Structures are given as structure tokens and as C-alpha cells.
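A quick write-up on the structure given underneath.
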Amino acid sequence: MLVKAVALSKTYKIGWLKKRSIKVIKEAEIFIDKGETVGLVGESGSGKTTLGLLLTGLLKPDDGQIFFNGKEITRLTPSENKDFRRRVQIIFQHPEAAFNPKWRLIRSLAEPFRLHGIPFTERALLEQLETIGLYKEHLDRYPSQLSGGELQRAAIARVMVLEPKFLVLDEPTSMLDVITQAQIIRLLQEIQKEKGLAYLFITHDLELARLFCRRIYCLVDGKLQEMLTVRSASRESDF
Ligand SMILES: Nc1ncnc2c1ncn2[C@@H]1O[C@H](COP(=O)(O)OP(=O)(O)OP(=O)(O)O)[C@@H](O)[C@H]1O
């Protein structure tokens with residue numbers, strides 16, 4: 001098992017003086033195997049992003065434990081923690097948030113190499129980009145000079161250079177038109193086939209989750225329930 005969380009809870013303090021609180025995640029349990037695509041659905045505000053942030057270590061739970069490759073993530077050695085930070089990544093709904101608007105794409109795409117101490121060559125980056133459908137001409141552009149689909153491809157490229165093993169996809173296609181959405185889903189499937197990484201696919205679109213995911217969890221009232229999945233064969237050919 002690649003990722004496992006048990007008895008996970010998260011409360012946010014809210015209001016003017018932060019005197020009130022809402023418990024968004026309540027003793028949630030989830031597991032994800034290597035190379036698996038697991039869906040996470042739920043109403044807006046049900047806590048899907050919160051759970052994604054907890055599983056990637058970007059947010060601390062109040063209670064509960066998260067395991068990556070069998071090790072509890074708060075008990076990692078410095079080198080294990082460095083590896084965790086590299087191998088567990090998240091992609092958000094708004095790809096522009098991942099890019100400095102004042103930087104040309106080349107600079108943003110070179111940054112993860114620098115942050116994670118990976119040797120950088122433009123050639124290696126270009127080879128990665130071509131498999132993702134971006135080319136040399138895109139590298140000199142600013143984020144505002146790319147389409148939504150191109151920018152989401154760039155966001156995918158930016159995490160793929162780190163060779164992640166687990167990727168949280170937080171509504172990665174919900175801002176895109178249906179054709180671009182299908183292209184990005186297909187790209188993610190091809191990447192998974194080649195690299196064998198696991199996805200947690202967050203969406204409010206149950207039909208899309210059914211197409212893309214082998215197992216689906218539904219977040220209701222802070223608790224996770226695993227759903228039975230029956231793939232819709234008629235729409236499977238869309239992707
Ligand atoms: N940093 C925060 N401080 C206080 N409350 C927060 C914070 N982040 C999220 N919340 C609240 O927690 C709840 C869950 O938010 P979250 O973004 O996890 O839900 P979601 O299911 O991803 O929603 P959506 O589908 O609309 O993106 C919401 O009520 C939200 O307002």
C-alpha cells in the first residue's frame with residue numbers, strides 16, 4: 001500500500017476572532033495502492049481539497065496518522081522527508097496559481113530542479129515537455145500567453161520532473177472545455193501507464209470519476225465512504 005490514512009481529523013478556526021470552529025474531516029480513513037487511481041467526490045465545501053492537502057503533508061491534521069510507503073509521515077528521517085516532499089505532489093484546479101506571472105515558463109519549470117537538487121539541462125526538460133505536448137516555443141512565454149490547457153500541461157510537467165509516486169489531482173480539468181478536459185485526462189492516463197504513479201482524483205463530477213477511477217470515495221459530513229463503481233461503457237470511449 002502506497003498511501004494510507006487512519007482516524008484523520010481536521011478542524012478550521014473560523015470567524016472574526018477565530019473563536020468558532022468547523023470540523024471538516026472526521027476520523028477519515030483512506031488507502032491508495034501503487035499505480036492506482038482513486039476518486040474523491042463530494043459536494044462543494046465538503047473538505048475534498050482539505051483531505052488532499054493533508055495527504056500531501058501540506059496541512060497538519062488535528063488527529064490521525066498518514067503513512068507513505070508504510071512509514072508515518074511525521075516520523076520520517078530528514079532524508080526520507082526530502083524524498084516524501086519530492087515523490088508526493090498536488091495539482092490544483094487553477095494552474096496559474098503554480099506559476100509566477102512575471103516569470104517565463106522556462107524559469108518556473110527549472111525551479112523544481114533547483115529546489116530538489118536535481119541536475120538541470122534544458123534538453124532533458126524539453127524531452128519531458130514533448131511527451132506532455134509542450135515545445136521549445138512555449139518556454140519563452142509568460143503564463144498569460146498560454147491557453148488554459150497548455151498551462152495545465154505545464155503544471156503537470158512541473159511536477160513530473162520530480163518523478164512523483166503519488167499525485168493528488170484537485171479538480172485538474174474543471175476549468176477546461178470538454179475537449180481539452182478529455183485530452184488532459186488521456187495525458188494523465190498515458191503518464192500513469194508509463195510511470196506507474198498513483199492518483200487521487202478529486203472532482204465533483206461523479207460520472208468523470210467513474211470513467212477515470214477504479215475506486216471512489218465520497219466525502220459526506222466529514223467522513224469517507226467507499227462507493228461501488230460500475231463503469232459506464234458508453235462514455236468510456238470518450239477518453
Ligand atoms: N484555511 C481555512 N480556514 C478556514 N476554513 C477553511 C479553510 N480552508 C477551507 N475551509 C473551509 O473548510 C470547508 C472545506 O473546504 P474545502 O476547500 O476542503 O472543500 P472542497 O470540498 O474542496 O470544496 P470545493 O469543491 O468547493 O473546492 C469549507 O467550508 C471551507 O470554507
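Ordered as shown in the C-alpha cells, chains take letters A, B, and onward, while each chain numbers its residues from 1 and ligands are numbered from 1 in the order shown.
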
task = Pick out each residue of region 15-204 of chain A that DSSP on the backbone tags as helix (DSSP H, G or I); I need them as a PyMOL selection string.
result = chain A and resi 48-55+73-75+78-87+95-98+105-115+122-132+136-139+143-145+148-160+178-195

inquiry  = Excluding Glu150 (chain A) and its own-chain neighbours fewer than 5 positions away, which residues fall within 10 Å of it when counting only C-alpha atoms? Please give them as a PyMOL selection string.
reply    = chain A and resi 95+132-134+138+143+145+155-156+180+184

ask   = Which polymer residues have any atom within 9 Å of an atom of Leu8 (chain A), counting only C-alpha atoms, with same-chain residues fewer than 2 positions away left out, as number ranges by chain?
value = A: 5-6, 10, 25-29, 51, 54, 61-66

Export of the given selection (C-alpha atoms) as a PDB file, in the first residue's frame:
```
ATOM      1  CA  ALA A   5      -4.552   7.472   6.420  1.00  0.00           C
ATOM      2  CA  VAL A   6      -6.336   6.429   9.593  1.00  0.00           C
ATOM      3  CA  LYS A  10      -9.125  18.415  10.702  1.00  0.00           C
ATOM      4  CA  ILE A  25     -12.653  15.920   8.320  1.00  0.00           C
ATOM      5  CA  LYS A  26     -13.877  13.466  10.959  1.00  0.00           C
ATOM      6  CA  GLU A  27     -11.916  10.273  11.576  1.00  0.00           C
ATOM      7  CA  ALA A  28     -11.479   9.620   7.879  1.00  0.00           C
ATOM      8  CA  GLU A  29      -9.770   6.503   6.580  1.00  0.00           C
ATOM      9  CA  LEU A  51      -8.087  15.973   2.536  1.00  0.00           C
ATOM     10  CA  LEU A  54      -3.481  16.552   4.460  1.00  0.00           C
ATOM     11  CA  PRO A  61      -4.228  17.016  10.846  1.00  0.00           C
ATOM     12  CA  ASP A  62      -5.556  17.528  14.399  1.00  0.00           C
ATOM     13  CA  ASP A  63      -5.537  13.777  14.877  1.00  0.00           C
ATOM     14  CA  GLY A  64      -4.810  10.635  12.956  1.00  0.00           C
ATOM     15  CA  GLN A  65      -1.909   9.240  11.036  1.00  0.00           C
ATOM     16  CA  ILE A  66      -0.780   9.293   7.432  1.00  0.00           C
TER      17      ILE A  66
END
```

Chain A residues near ligand 1 within 7 Å, closest pair each, using only C-alpha atoms and all ligand atoms, as CSV:
```
residue,atom,partner,partner_atom_place_in_ligand_line,distance
A:Tyr12,CA,ligand 1,4 (C),4.7
A:Lys13,CA,ligand 1,4 (C),5.8
A:Ile14,CA,ligand 1,4 (C),5.3
A:Val24,CA,ligand 1,12 (O),5.7
A:Gly42,CA,ligand 1,21 (O),6.1
A:Glu43,CA,ligand 1,21 (O),5.9
A:Ser44,CA,ligand 1,25 (O),3.5
A:Gly45,CA,ligand 1,23 (O),3.5
A:Ser46,CA,ligand 1,21 (O),3.9
A:Gly47,CA,ligand 1,18 (O),3.2
A:Lys48,CA,ligand 1,21 (O),3.9
A:Thr49,CA,ligand 1,22 (O),3.7
A:Thr50,CA,ligand 1,18 (O),3.7
A:Leu51,CA,ligand 1,18 (O),6.6
A:His204,CA,ligand 1,25 (O),6.4
```

request  = Would you please extract all strand (DSSP E) residues from region 1-181 of chain A, as assigned by DSSP on the backbone, and give them as a ChimeraX atom specification?
outcome  = /A:3-14,20-32,37-41,63-68,71-72,88-91,166-170

Keeping N, CA and C atoms for every residue in the selection just given, could you write it to a file as a short mmCIF file (atom, residue, chain, number, x, y, z; two decimals), in the first residue's frame?
```cif
data_model
loop_
_atom_site.label_atom_id
_atom_site.label_comp_id
_atom_site.auth_asym_id
_atom_site.auth_seq_id
_atom_site.Cartn_x
_atom_site.Cartn_y
_atom_site.Cartn_z
N VAL A 3 -0.24 4.76 0.06
CA VAL A 3 -0.71 5.83 0.96
C VAL A 3 -1.84 5.27 1.83
N LYS A 4 -1.76 5.57 3.10
CA LYS A 4 -2.83 5.13 4.00
C LYS A 4 -3.03 6.21 5.05
N ALA A 5 -4.28 6.52 5.34
CA ALA A 5 -4.55 7.47 6.42
C ALA A 5 -5.59 6.85 7.34
N VAL A 6 -5.37 6.98 8.63
CA VAL A 6 -6.34 6.43 9.59
C VAL A 6 -6.73 7.49 10.62
N ALA A 7 -8.01 7.46 10.97
CA ALA A 7 -8.57 8.32 12.02
C ALA A 7 -8.19 9.79 11.86
N LEU A 8 -8.24 10.25 10.60
CA LEU A 8 -7.80 11.61 10.27
C LEU A 8 -8.88 12.64 10.58
N SER A 9 -8.51 13.68 11.31
CA SER A 9 -9.47 14.75 11.61
C SER A 9 -8.82 16.10 11.36
N LYS A 10 -9.64 17.05 10.91
CA LYS A 10 -9.13 18.41 10.70
C LYS A 10 -10.22 19.43 11.01
N THR A 11 -9.85 20.39 11.85
CA THR A 11 -10.77 21.46 12.24
C THR A 11 -10.16 22.78 11.79
N TYR A 12 -11.00 23.67 11.26
CA TYR A 12 -10.54 25.04 10.97
C TYR A 12 -11.16 25.99 11.98
N LYS A 13 -10.37 26.95 12.41
CA LYS A 13 -10.92 28.01 13.25
C LYS A 13 -11.49 29.07 12.30
N ILE A 14 -12.68 29.52 12.59
CA ILE A 14 -13.29 30.50 11.69
C ILE A 14 -13.85 31.69 12.47
N ARG A 20 -14.85 30.42 16.65
CA ARG A 20 -15.69 29.29 16.22
C ARG A 20 -14.83 28.32 15.43
N SER A 21 -15.28 27.11 15.34
CA SER A 21 -14.51 26.16 14.54
C SER A 21 -15.43 25.20 13.80
N ILE A 22 -14.93 24.71 12.64
CA ILE A 22 -15.70 23.69 11.92
C ILE A 22 -14.80 22.47 11.73
N LYS A 23 -15.37 21.32 12.03
CA LYS A 23 -14.62 20.08 11.86
C LYS A 23 -14.94 19.56 10.46
N VAL A 24 -13.97 19.71 9.56
CA VAL A 24 -14.20 19.40 8.15
C VAL A 24 -13.97 17.92 7.88
N ILE A 25 -12.96 17.34 8.50
CA ILE A 25 -12.65 15.92 8.32
C ILE A 25 -12.80 15.23 9.68
N LYS A 26 -13.58 14.14 9.68
CA LYS A 26 -13.88 13.47 10.96
C LYS A 26 -13.49 11.99 10.89
N GLU A 27 -12.37 11.68 11.48
CA GLU A 27 -11.92 10.27 11.58
C GLU A 27 -11.97 9.54 10.24
N ALA A 28 -11.43 10.20 9.22
CA ALA A 28 -11.48 9.62 7.88
C ALA A 28 -10.40 8.56 7.69
N GLU A 29 -10.74 7.55 6.93
CA GLU A 29 -9.77 6.50 6.58
C GLU A 29 -9.75 6.34 5.08
N ILE A 30 -8.53 6.17 4.54
CA ILE A 30 -8.40 6.01 3.09
C ILE A 30 -7.13 5.24 2.81
N PHE A 31 -7.13 4.43 1.76
CA PHE A 31 -5.87 3.82 1.33
C PHE A 31 -5.79 3.83 -0.20
N ILE A 32 -4.57 3.94 -0.69
CA ILE A 32 -4.33 4.01 -2.13
C ILE A 32 -3.12 3.13 -2.44
N THR A 37 -5.64 4.57 -9.42
CA THR A 37 -6.35 5.85 -9.49
C THR A 37 -7.60 5.77 -8.62
N VAL A 38 -7.61 6.58 -7.60
CA VAL A 38 -8.73 6.58 -6.66
C VAL A 38 -9.44 7.93 -6.76
N GLY A 39 -10.76 7.88 -6.82
CA GLY A 39 -11.53 9.11 -6.93
C GLY A 39 -11.95 9.62 -5.56
N LEU A 40 -12.12 10.93 -5.47
CA LEU A 40 -12.67 11.54 -4.25
C LEU A 40 -13.73 12.55 -4.69
N VAL A 41 -14.99 12.22 -4.37
CA VAL A 41 -16.08 13.11 -4.74
C VAL A 41 -16.77 13.63 -3.48
N ASP A 63 -5.74 15.15 14.39
CA ASP A 63 -5.54 13.78 14.88
C ASP A 63 -5.38 12.85 13.69
N GLY A 64 -4.91 11.65 14.00
CA GLY A 64 -4.81 10.63 12.96
C GLY A 64 -3.40 10.52 12.42
N GLN A 65 -3.24 9.51 11.58
CA GLN A 65 -1.91 9.24 11.04
C GLN A 65 -1.98 9.05 9.53
N ILE A 66 -0.90 9.48 8.88
CA ILE A 66 -0.78 9.29 7.43
C ILE A 66 0.50 8.50 7.18
N PHE A 67 0.37 7.45 6.40
CA PHE A 67 1.53 6.61 6.09
C PHE A 67 1.83 6.71 4.60
N PHE A 68 3.12 6.83 4.27
CA PHE A 68 3.56 6.80 2.87
C PHE A 68 4.61 5.70 2.77
N LYS A 71 5.51 4.20 6.09
CA LYS A 71 6.10 5.00 7.18
C LYS A 71 5.21 6.20 7.51
N GLU A 72 5.04 6.43 8.80
CA GLU A 72 4.21 7.55 9.23
C GLU A 72 4.94 8.86 8.91
N VAL A 88 5.59 13.09 -3.50
CA VAL A 88 4.16 13.32 -3.29
C VAL A 88 3.84 14.76 -3.72
N GLN A 89 3.01 14.89 -4.73
CA GLN A 89 2.76 16.21 -5.31
C GLN A 89 1.26 16.45 -5.50
N ILE A 90 0.91 17.70 -5.73
CA ILE A 90 -0.51 18.06 -5.92
C ILE A 90 -0.63 19.02 -7.11
N ILE A 91 -1.70 18.85 -7.87
CA ILE A 91 -2.01 19.76 -8.98
C ILE A 91 -3.39 20.35 -8.72
N PHE A 166 3.01 9.58 -5.98
CA PHE A 166 1.60 9.81 -5.64
C PHE A 166 1.27 11.26 -5.99
N LEU A 167 0.21 11.42 -6.78
CA LEU A 167 -0.16 12.76 -7.23
C LEU A 167 -1.64 13.00 -6.91
N VAL A 168 -1.90 14.07 -6.16
CA VAL A 168 -3.28 14.49 -5.92
C VAL A 168 -3.67 15.44 -7.04
N LEU A 169 -4.74 15.09 -7.71
CA LEU A 169 -5.24 15.92 -8.82
C LEU A 169 -6.52 16.59 -8.32
N ASP A 170 -6.41 17.86 -7.94
CA ASP A 170 -7.54 18.56 -7.34
C ASP A 170 -8.34 19.29 -8.42
#
```

key: For Gly35 (chain A): contacts at 8 Å, only C-alpha atoms, fewer than 6 positions along chain excluded, given as a ChimeraX atom specification   = /A:165,192,196-199

query = Got a sec: who's within 9 Å of Glu163 (chain A), counting only C-alpha atoms, leaving out chain neighbours fewer than 3 positions off, as number ranges by chain?
reply = A: 86-87, 159-160, 195, 197

Keeping only C-alpha atoms, write the selected residues as a CSV table (one decimal), in the first residue's frame.
```
chain,number,residue,atom,x,y,z
A,86,ARG,CA,9.6,15.1,-3.9
A,87,ARG,CA,7.5,12.0,-4.5
A,159,VAL,CA,5.5,18.0,-11.1
A,160,MET,CA,6.5,15.2,-13.5
A,195,LYS,CA,5.4,5.7,-14.9
A,197,LEU,CA,2.3,6.5,-10.2
```

query = Interatomic distance between CA of His116 (chain A) and CA of Thr173 (chain A)?
reply =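 These two atoms are separated by 27.0 Å.
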
message = Just the number, please: distance in Å from CA of Gln181 (chain A) to CA of Phe113 (chain A), one decimal.
response =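 Value for the CA of Gln181 (chain A)-CA of Phe113 (chain A) distance: 27.8 Å.
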
request  = Name the residues in contact with Met227 (chain A) at a cut-off of 7 Å, using only C-alpha atoms, excluding same-chain residues fewer than 4 positions from it; report them as an NGL selection string.
outcome  = :A and (216-218)

Could you give me, as a PDB file with C-alpha atoms, in the first residue's frame, the residues within 12 Å of Leu109 (chain A), counting only C-alpha atoms and dropping anything in the same chain fewer than 2 positions from it?
```pdb
ATOM      1  CA  ALA A  98       1.511  27.288  -9.677  1.00  0.00           C
ATOM      2  CA  PHE A  99       3.290  29.905 -11.827  1.00  0.00           C
ATOM      3  CA  ASN A 100       4.797  33.281 -11.121  1.00  0.00           C
ATOM      4  CA  TRP A 103       8.435  34.534 -14.957  1.00  0.00           C
ATOM      5  CA  ARG A 104       8.817  32.984 -18.369  1.00  0.00           C
ATOM      6  CA  LEU A 105       7.840  29.309 -18.388  1.00  0.00           C
ATOM      7  CA  ILE A 106      11.450  28.090 -18.575  1.00  0.00           C
ATOM      8  CA  ARG A 107      12.220  29.686 -15.209  1.00  0.00           C
ATOM      9  CA  GLU A 111      12.667  25.799 -10.338  1.00  0.00           C
ATOM     10  CA  PRO A 112      11.722  22.281  -9.098  1.00  0.00           C
ATOM     11  CA  PHE A 113      15.110  21.012 -10.299  1.00  0.00           C
ATOM     12  CA  ARG A 114      16.826  23.665  -8.179  1.00  0.00           C
ATOM     13  CA  LEU A 115      14.565  23.182  -5.129  1.00  0.00           C
ATOM     14  CA  PHE A 120      19.047  20.651 -14.773  1.00  0.00           C
ATOM     15  CA  THR A 121      19.558  20.623 -18.533  1.00  0.00           C
ATOM     16  CA  GLU A 122      17.238  22.342 -20.996  1.00  0.00           C
ATOM     17  CA  ALA A 124      16.174  16.918 -20.504  1.00  0.00           C
ATOM     18  CA  LEU A 125      13.355  19.366 -19.772  1.00  0.00           C
ATOM     19  CA  LEU A 126      12.427  19.592 -23.471  1.00  0.00           C
ATOM     20  CA  GLN A 128       9.861  15.741 -20.776  1.00  0.00           C
ATOM     21  CA  LEU A 129       7.807  18.562 -22.254  1.00  0.00           C
ATOM     22  CA  LEU A 134       4.599  21.374 -24.994  1.00  0.00           C
ATOM     23  CA  HIS A 138       6.372  27.652 -25.163  1.00  0.00           C
ATOM     24  CA  LEU A 139       9.374  28.043 -22.860  1.00  0.00           C
ATOM     25  CA  ASP A 140       9.888  31.759 -23.555  1.00  0.00           C
ATOM     26  CA  ARG A 141       6.253  32.649 -22.915  1.00  0.00           C
ATOM     27  CA  TYR A 142       4.684  34.082 -19.772  1.00  0.00           C
ATOM     28  CA  PRO A 143       1.761  32.167 -18.146  1.00  0.00           C
ATOM     29  CA  LEU A 151      -0.908  25.915 -18.670  1.00  0.00           C
ATOM     30  CA  ARG A 153       0.075  20.702 -19.188  1.00  0.00           C
ATOM     31  CA  ALA A 154       2.895  22.936 -17.920  1.00  0.00           C
ATOM     32  CA  ALA A 155       1.707  22.386 -14.327  1.00  0.00           C
ATOM     33  CA  ILE A 156       1.759  18.625 -14.980  1.00  0.00           C
ATOM     34  CA  ALA A 157       5.274  18.909 -16.478  1.00  0.00           C
ATOM     35  CA  ARG A 158       6.409  20.885 -13.456  1.00  0.00           C
ATOM     36  CA  VAL A 159       5.545  18.040 -11.080  1.00  0.00           C
ATOM     37  CA  MET A 160       6.517  15.205 -13.451  1.00  0.00           C
ATOM     38  CA  VAL A 161      10.168  16.287 -13.488  1.00  0.00           C
ATOM     39  CA  LEU A 162      10.171  15.240  -9.818  1.00  0.00           C
TER      40      LEU A 162
END
```

query = Which distance in Å separates CA of Ser79 (chain A) and CA of Glu36 (chain A), to one decimal?
reply =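 Between these atoms lies a distance of 25.5 Å.
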
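Distance annotation: of A:Leu219, A:Leu146, A:Leu188, A:Leu59, the residue with the minimal separation from Thr203 (chain A) is A:Leu219; atom set is only C-alpha atoms.
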